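Some notes on the structure that comes next.
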Amino acid sequence: MLLAIDIGNTGISLGIFDGGRLKVAWQLASEIHRMADEYGVLLLNLLERQKLPKSKITGVSLCSVVPPLVRTFDEMCQKHLDIQPLVVEAGVKTGMRIRLDNPREVGPDRVVNAVAAQNLYGKPVIVIDFGTATTFDVVSHEGDYLGGAIAPGISIASEALFTCTAMLPRIELTRPKQIIGRNTVSAMQSGIIFGYISLIEGMIQRIEKELGSKAKVVATGGQAYTIAKEVPAIDVINADLTLIGLRLIYEMNKGK
């Protein structure tokens with residue numbers, strides 16, 4: 001079995017693959033001050049609850065946008081699983097050319113998502129990851145990673161309205177009944193939810209115009225279902241996209 005670990009700014013996704021199939025997935029909070037042993041205890045407890053012996057895990061594939069946690073999870077895997085994890089970084093085979101000015105700048109999760117999306121849905125493809133940031137990643141007709149765009153995540157935008165203003169409240173990110181809000185909360189929900197829908201629609205149109213053709217559009221990330229279901233241009237929502245990409249990259253580097 002393969003353990004895939006996606007470390008984000010806000011949360012950590014873990015998944016167990018057995019024979020290429022995602023058997024179970026979990027979510028943890030990202031906490032840079034948590035020790036390797038603490039994460040090890042959490043992982044072992046999760047495995048025990050699913051009756052999955054740690055001896056069955058033969059490999060670990062990991063990507064992280066939080067550099068301090070790479071060392072923490074490397075130590076955790078070696079100490080508690082006796083496995084050296086494959087860390088997706090420069091030099092790791094992805095089967096994809098990175099067409100950036102400086103390929104080392106791109107977040108590994110973005111490349112992992114692009115690899116999974118191309119493999120599952122073909123090319124060209126646009127991946128929209130609704131996480132702490134909202135990222136757009138583009139794979140060309142030739143299968144090259146072209147880059148993309150980064151916008152503040154919807155949760156960050158909502159929180160900024162609360163923390164940076166004197167009178168606006170913290171709100172729940174739910175779809176309001178109408179565009180024209182009749183009170184402060186519904187007005188904020190309208191601006192944030194429908195504003196982000198328009199952002200996504202506009203970015204898809206602009207990216208496809210620059211590509212010169214239509215592309216498959218795939219959504220993933222924690223807020224994907226809130227926004228993506230409102231955008232007809234989004235073809236697929238796949239919450240496990242990054243974990244699947246980690247499995248594919250592991251197989252490219254370690255063999256099936």
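Labels for the structure tokens follow display order: chains A, B, ..., residues from 1 in each chain, ligands from 1.
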- Message: Taking 5 positions as the minimum chain separation for residues in the same chain, which residues sit within 12 Å of Thr10 (chain A) when counting only C-alpha atoms? Answer as a list in words.
- Response: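 The residues that qualify are Gln27, Leu28, Ala29, Ser30, Glu31, Ile32, Ser64, Val65, Val66, Phe130, Gly131, Thr132, Ala133, Gly153, Ser155, Ile156, Gly221 and Gly222 of chain A.
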Please produce a file of the residues just selected, as a PDB file, in the first residue's frame, where the atoms kept are N, CA and C atoms.
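Once written, result.pdb looks like this:
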ATOM      1  N   GLN A  27      -8.133  13.976   6.814  1.00  0.00           N
ATOM      2  CA  GLN A  27      -7.738  15.385   6.835  1.00  0.00           C
ATOM      3  C   GLN A  27      -7.223  15.747   8.226  1.00  0.00           C
ATOM      4  N   LEU A  28      -6.062  16.409   8.266  1.00  0.00           N
ATOM      5  CA  LEU A  28      -5.504  16.924   9.509  1.00  0.00           C
ATOM      6  C   LEU A  28      -5.253  18.417   9.356  1.00  0.00           C
ATOM      7  N   ALA A  29      -5.117  19.117  10.466  1.00  0.00           N
ATOM      8  CA  ALA A  29      -4.751  20.532  10.430  1.00  0.00           C
ATOM      9  C   ALA A  29      -3.244  20.656  10.255  1.00  0.00           C
ATOM     10  N   SER A  30      -2.816  21.639   9.471  1.00  0.00           N
ATOM     11  CA  SER A  30      -1.389  21.934   9.341  1.00  0.00           C
ATOM     12  C   SER A  30      -0.934  22.704  10.570  1.00  0.00           C
ATOM     13  N   GLU A  31       0.075  22.201  11.222  1.00  0.00           N
ATOM     14  CA  GLU A  31       0.593  22.837  12.439  1.00  0.00           C
ATOM     15  C   GLU A  31       2.100  22.660  12.463  1.00  0.00           C
ATOM     16  N   ILE A  32       2.820  23.744  12.168  1.00  0.00           N
ATOM     17  CA  ILE A  32       4.275  23.622  12.020  1.00  0.00           C
ATOM     18  C   ILE A  32       4.973  23.334  13.346  1.00  0.00           C
ATOM     19  N   SER A  64       4.557  19.245  -0.366  1.00  0.00           N
ATOM     20  CA  SER A  64       4.286  20.219   0.688  1.00  0.00           C
ATOM     21  C   SER A  64       4.540  21.628   0.196  1.00  0.00           C
ATOM     22  N   VAL A  65       3.656  22.554   0.609  1.00  0.00           N
ATOM     23  CA  VAL A  65       3.894  23.982   0.384  1.00  0.00           C
ATOM     24  C   VAL A  65       4.295  24.658   1.700  1.00  0.00           C
ATOM     25  N   VAL A  66       4.556  23.841   2.718  1.00  0.00           N
ATOM     26  CA  VAL A  66       5.001  24.344   4.024  1.00  0.00           C
ATOM     27  C   VAL A  66       6.369  23.717   4.292  1.00  0.00           C
ATOM     28  N   PHE A 130      -9.241  25.167  -5.125  1.00  0.00           N
ATOM     29  CA  PHE A 130      -9.871  26.090  -4.184  1.00  0.00           C
ATOM     30  C   PHE A 130      -9.362  25.791  -2.779  1.00  0.00           C
ATOM     31  N   GLY A 131      -8.177  26.286  -2.463  1.00  0.00           N
ATOM     32  CA  GLY A 131      -7.596  26.071  -1.150  1.00  0.00           C
ATOM     33  C   GLY A 131      -7.415  27.382  -0.418  1.00  0.00           C
ATOM     34  N   THR A 132      -6.350  27.466   0.385  1.00  0.00           N
ATOM     35  CA  THR A 132      -6.039  28.712   1.068  1.00  0.00           C
ATOM     36  C   THR A 132      -5.885  29.835   0.044  1.00  0.00           C
ATOM     37  N   ALA A 133      -5.209  29.508  -1.058  1.00  0.00           N
ATOM     38  CA  ALA A 133      -5.221  30.359  -2.255  1.00  0.00           C
ATOM     39  C   ALA A 133      -6.052  29.656  -3.314  1.00  0.00           C
ATOM     40  N   GLY A 153      -7.644  32.924  -1.678  1.00  0.00           N
ATOM     41  CA  GLY A 153      -8.726  31.969  -1.502  1.00  0.00           C
ATOM     42  C   GLY A 153      -9.985  32.646  -0.994  1.00  0.00           C
ATOM     43  N   SER A 155     -11.902  31.874   1.444  1.00  0.00           N
ATOM     44  CA  SER A 155     -11.943  32.014   2.907  1.00  0.00           C
ATOM     45  C   SER A 155     -11.088  33.194   3.371  1.00  0.00           C
ATOM     46  N   ILE A 156      -9.928  33.387   2.731  1.00  0.00           N
ATOM     47  CA  ILE A 156      -9.074  34.533   3.064  1.00  0.00           C
ATOM     48  C   ILE A 156      -9.806  35.840   2.764  1.00  0.00           C
ATOM     49  N   GLY A 221      -9.866  20.888  -4.156  1.00  0.00           N
ATOM     50  CA  GLY A 221      -9.641  21.751  -2.997  1.00  0.00           C
ATOM     51  C   GLY A 221     -10.850  21.858  -2.089  1.00  0.00           C
ATOM     52  N   GLY A 222     -10.610  22.382  -0.894  1.00  0.00           N
ATOM     53  CA  GLY A 222     -11.612  22.391   0.159  1.00  0.00           C
ATOM     54  C   GLY A 222     -12.882  23.159  -0.143  1.00  0.00           C
TER      55      GLY A 222
END
- Query: Do you know which residues are at most 8 Å from region 225-240 of chain A counting only C-alpha atoms, after dropping those on the same chain fewer than 6 positions away, and could you put them as a list in words?
  - Reply: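 So the residues in contact are Thr174, Arg175, Ile193, Tyr196, Ile197, Ile200, Glu201, Ile204, Lys216, Val217, Val218 and Ala219 of chain A.
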Mind dumping the selected residues with all heavy atoms as a short mmCIF file (atom, residue, chain, number, x, y, z; two decimals), in the first residue's frame?
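The resulting file, out_13.cif, is reproduced below:
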data_model
loop_
_atom_site.label_atom_id
_atom_site.label_comp_id
_atom_site.auth_asym_id
_atom_site.auth_seq_id
_atom_site.Cartn_x
_atom_site.Cartn_y
_atom_site.Cartn_z
N THR A 174 -22.12 30.62 2.46
CA THR A 174 -23.20 29.90 1.81
C THR A 174 -23.80 30.78 0.72
O THR A 174 -23.77 32.01 0.79
CB THR A 174 -24.30 29.52 2.81
OG1 THR A 174 -24.78 30.70 3.47
CG2 THR A 174 -23.77 28.56 3.86
N ARG A 175 -24.39 30.15 -0.26
CA ARG A 175 -24.97 30.86 -1.41
C ARG A 175 -26.22 31.62 -0.97
O ARG A 175 -27.17 31.03 -0.44
CB ARG A 175 -25.33 29.86 -2.50
CG ARG A 175 -25.82 30.48 -3.79
CD ARG A 175 -26.29 29.38 -4.72
NE ARG A 175 -26.52 29.85 -6.06
CZ ARG A 175 -27.62 30.46 -6.49
NH1 ARG A 175 -28.60 30.70 -5.63
NH2 ARG A 175 -27.74 30.82 -7.74
N ILE A 193 -19.50 35.09 -2.75
CA ILE A 193 -19.82 33.88 -3.52
C ILE A 193 -19.96 34.19 -5.00
O ILE A 193 -19.27 33.59 -5.85
CB ILE A 193 -21.12 33.23 -3.00
CG1 ILE A 193 -20.97 32.80 -1.53
CG2 ILE A 193 -21.50 32.04 -3.88
CD1 ILE A 193 -19.95 31.72 -1.29
N TYR A 196 -16.73 35.48 -6.59
CA TYR A 196 -15.78 34.42 -6.93
C TYR A 196 -16.25 33.59 -8.12
O TYR A 196 -15.43 33.14 -8.92
CB TYR A 196 -15.51 33.53 -5.71
CG TYR A 196 -14.23 33.91 -5.03
CD1 TYR A 196 -14.18 35.01 -4.19
CD2 TYR A 196 -13.05 33.23 -5.29
CE1 TYR A 196 -13.01 35.41 -3.59
CE2 TYR A 196 -11.86 33.61 -4.70
CZ TYR A 196 -11.85 34.70 -3.85
OH TYR A 196 -10.66 35.10 -3.27
N ILE A 197 -17.54 33.39 -8.23
CA ILE A 197 -18.05 32.70 -9.42
C ILE A 197 -17.66 33.47 -10.67
O ILE A 197 -17.18 32.90 -11.66
CB ILE A 197 -19.59 32.54 -9.33
CG1 ILE A 197 -19.94 31.53 -8.24
CG2 ILE A 197 -20.17 32.11 -10.67
CD1 ILE A 197 -21.41 31.48 -7.90
N ILE A 200 -13.94 33.10 -11.38
CA ILE A 200 -13.61 31.80 -11.98
C ILE A 200 -14.03 31.77 -13.45
O ILE A 200 -13.26 31.35 -14.33
CB ILE A 200 -14.29 30.65 -11.21
CG1 ILE A 200 -13.82 30.63 -9.75
CG2 ILE A 200 -14.01 29.32 -11.88
CD1 ILE A 200 -12.33 30.54 -9.56
N GLU A 201 -15.25 32.21 -13.72
CA GLU A 201 -15.73 32.21 -15.11
C GLU A 201 -14.86 33.09 -16.00
O GLU A 201 -14.49 32.69 -17.12
CB GLU A 201 -17.18 32.70 -15.15
CG GLU A 201 -18.17 31.73 -14.54
CD GLU A 201 -19.57 32.31 -14.45
OE1 GLU A 201 -19.72 33.55 -14.40
OE2 GLU A 201 -20.53 31.51 -14.43
N ILE A 204 -11.36 31.45 -16.61
CA ILE A 204 -11.44 30.33 -17.55
C ILE A 204 -11.51 30.86 -18.98
O ILE A 204 -10.80 30.38 -19.89
CB ILE A 204 -12.66 29.42 -17.25
CG1 ILE A 204 -12.45 28.68 -15.92
CG2 ILE A 204 -12.89 28.42 -18.38
CD1 ILE A 204 -13.69 27.95 -15.44
N LYS A 216 -10.47 21.12 -20.94
CA LYS A 216 -11.18 20.47 -19.84
C LYS A 216 -10.88 21.24 -18.57
O LYS A 216 -9.72 21.62 -18.32
CB LYS A 216 -10.69 19.02 -19.70
CG LYS A 216 -11.58 18.14 -18.86
CD LYS A 216 -12.76 17.63 -19.67
CE LYS A 216 -13.52 16.54 -18.91
NZ LYS A 216 -14.65 16.02 -19.71
N VAL A 217 -11.88 21.48 -17.74
CA VAL A 217 -11.68 22.27 -16.52
C VAL A 217 -12.01 21.39 -15.32
O VAL A 217 -13.11 20.85 -15.21
CB VAL A 217 -12.55 23.54 -16.51
CG1 VAL A 217 -12.27 24.35 -15.25
CG2 VAL A 217 -12.28 24.39 -17.75
N VAL A 218 -11.03 21.26 -14.43
CA VAL A 218 -11.14 20.37 -13.28
C VAL A 218 -10.99 21.20 -12.00
O VAL A 218 -10.07 22.01 -11.88
CB VAL A 218 -10.06 19.28 -13.31
CG1 VAL A 218 -10.24 18.30 -12.14
CG2 VAL A 218 -10.08 18.53 -14.64
N ALA A 219 -11.88 20.98 -11.05
CA ALA A 219 -11.82 21.69 -9.77
C ALA A 219 -11.47 20.73 -8.65
O ALA A 219 -11.88 19.56 -8.65
CB ALA A 219 -13.17 22.36 -9.47
#
What are the nearest atom pairs, with distances in Å to one decimal, for all residues of region 140-184 of chain A that come at most 12 Å from region 78-97 of chain A, using only C-alpha atoms, set out by chain and rising residue number as a Markdown table?
| residue | atom | partner | partner_atom | distance |
| --- | --- | --- | --- | --- |
| A:Ser140 | CA | A:Arg97 | CA | 10.2 |
| A:His141 | CA | A:Met96 | CA | 12.0 |
| A:Glu142 | CA | A:Arg97 | CA | 9.5 |
| A:Gly143 | CA | A:Met96 | CA | 6.5 |
| A:Asp144 | CA | A:Arg97 | CA | 5.0 |
| A:Tyr145 | CA | A:Arg97 | CA | 6.0 |
| A:Leu146 | CA | A:Arg97 | CA | 8.6 |
| A:Gly147 | CA | A:Arg97 | CA | 10.8 |
Residue contacts of Ile192 (chain A) (9 Å, only C-alpha atoms) excluding same-chain residues fewer than 4 positions away, as an mmCIF file with all heavy atoms, in the first residue's frame:
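Once written, selection-v9.cif looks like this:
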data_model
loop_
_atom_site.group_PDB
_atom_site.id
_atom_site.type_symbol
_atom_site.label_atom_id
_atom_site.label_comp_id
_atom_site.auth_asym_id
_atom_site.auth_seq_id
_atom_site.Cartn_x
_atom_site.Cartn_y
_atom_site.Cartn_z
ATOM 1 N N ILE A 154 -11.105 32.009 -1.213
ATOM 2 C CA ILE A 154 -12.382 32.616 -0.833
ATOM 3 C C ILE A 154 -12.482 32.795 0.682
ATOM 4 O O ILE A 154 -13.046 33.785 1.171
ATOM 5 C CB ILE A 154 -13.566 31.781 -1.379
ATOM 6 C CG1 ILE A 154 -14.882 32.516 -1.149
ATOM 7 C CG2 ILE A 154 -13.589 30.381 -0.801
ATOM 8 C CD1 ILE A 154 -16.053 31.890 -1.870
ATOM 9 N N ALA A 157 -10.465 35.892 1.614
ATOM 10 C CA ALA A 157 -11.182 37.108 1.229
ATOM 11 C C ALA A 157 -12.305 37.417 2.219
ATOM 12 O O ALA A 157 -12.505 38.568 2.622
ATOM 13 C CB ALA A 157 -11.743 36.954 -0.181
ATOM 14 N N SER A 158 -13.022 36.386 2.612
ATOM 15 C CA SER A 158 -14.111 36.574 3.565
ATOM 16 C C SER A 158 -13.582 37.047 4.917
ATOM 17 O O SER A 158 -14.131 37.967 5.539
ATOM 18 C CB SER A 158 -14.875 35.257 3.738
ATOM 19 O OG SER A 158 -15.868 35.375 4.725
ATOM 20 N N LEU A 173 -19.953 30.988 4.628
ATOM 21 C CA LEU A 173 -19.844 31.034 3.165
ATOM 22 C C LEU A 173 -20.885 30.124 2.539
ATOM 23 O O LEU A 173 -20.614 29.000 2.123
ATOM 24 C CB LEU A 173 -18.434 30.625 2.729
ATOM 25 C CG LEU A 173 -17.329 31.637 3.036
ATOM 26 C CD1 LEU A 173 -15.966 31.070 2.676
ATOM 27 C CD2 LEU A 173 -17.574 32.943 2.294
ATOM 28 N N ALA A 187 -25.588 40.609 1.682
ATOM 29 C CA ALA A 187 -24.802 41.412 0.744
ATOM 30 C C ALA A 187 -23.355 40.925 0.690
ATOM 31 O O ALA A 187 -22.747 40.851 -0.388
ATOM 32 C CB ALA A 187 -24.857 42.882 1.141
ATOM 33 N N MET A 188 -22.799 40.587 1.861
ATOM 34 C CA MET A 188 -21.434 40.055 1.893
ATOM 35 C C MET A 188 -21.373 38.680 1.225
ATOM 36 O O MET A 188 -20.450 38.386 0.456
ATOM 37 C CB MET A 188 -20.947 39.965 3.336
ATOM 38 C CG MET A 188 -20.703 41.321 3.992
ATOM 39 S SD MET A 188 -20.291 41.162 5.750
ATOM 40 C CE MET A 188 -18.690 40.353 5.645
ATOM 41 N N TYR A 196 -16.733 35.478 -6.588
ATOM 42 C CA TYR A 196 -15.783 34.419 -6.928
ATOM 43 C C TYR A 196 -16.248 33.594 -8.121
ATOM 44 O O TYR A 196 -15.432 33.136 -8.924
ATOM 45 C CB TYR A 196 -15.511 33.529 -5.712
ATOM 46 C CG TYR A 196 -14.226 33.915 -5.034
ATOM 47 C CD1 TYR A 196 -14.176 35.007 -4.185
ATOM 48 C CD2 TYR A 196 -13.046 33.232 -5.285
ATOM 49 C CE1 TYR A 196 -13.012 35.407 -3.589
ATOM 50 C CE2 TYR A 196 -11.863 33.613 -4.697
ATOM 51 C CZ TYR A 196 -11.845 34.703 -3.853
ATOM 52 O OH TYR A 196 -10.658 35.099 -3.275
ATOM 53 N N ILE A 197 -17.538 33.395 -8.230
ATOM 54 C CA ILE A 197 -18.051 32.698 -9.422
ATOM 55 C C ILE A 197 -17.656 33.472 -10.675
ATOM 56 O O ILE A 197 -17.180 32.898 -11.665
ATOM 57 C CB ILE A 197 -19.585 32.540 -9.327
ATOM 58 C CG1 ILE A 197 -19.942 31.532 -8.238
ATOM 59 C CG2 ILE A 197 -20.166 32.107 -10.673
ATOM 60 C CD1 ILE A 197 -21.413 31.480 -7.900
#
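Across the model, the gap from CA of Glu208 (chain A) to CA of Arg247 (chain A) is 28.5 Å.
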- Message: Please extract the residues of region 114-189 of chain A with a backbone DSSP assignment of strand (DSSP E) and present them as an NGL selection string.
- Response: :A and (125-130 or 133-139 or 145-152)
- Please report, as a VMD selection string, each residue of region 145-219 of chain A to which DSSP assigns alpha helix (DSSP H) when run on this structure's backbone. chain A and resid 154 to 163 184 to 189 195 to 211
- Message: Please determine, counting only C-alpha atoms, which residue among A:Arg71, A:Arg49, A:Arg170, A:Lys123 has the shortest atom-to-atom distance to Leu211 (chain A).
- Response: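 Of all the options, A:Lys123 lies closest to Leu211 (chain A).
Between CA of Asn9 (chain A) and CA of Met167 (chain A) the interatomic distance comes to 28.3 Å.
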- Query: Contacts of region 183-186 of chain A at 8 Å or less, counting only C-alpha atoms, minus same-chain residues fewer than 4 places along, as a ChimeraX atom specification?
  - Reply: /A:168-169,171,176,190
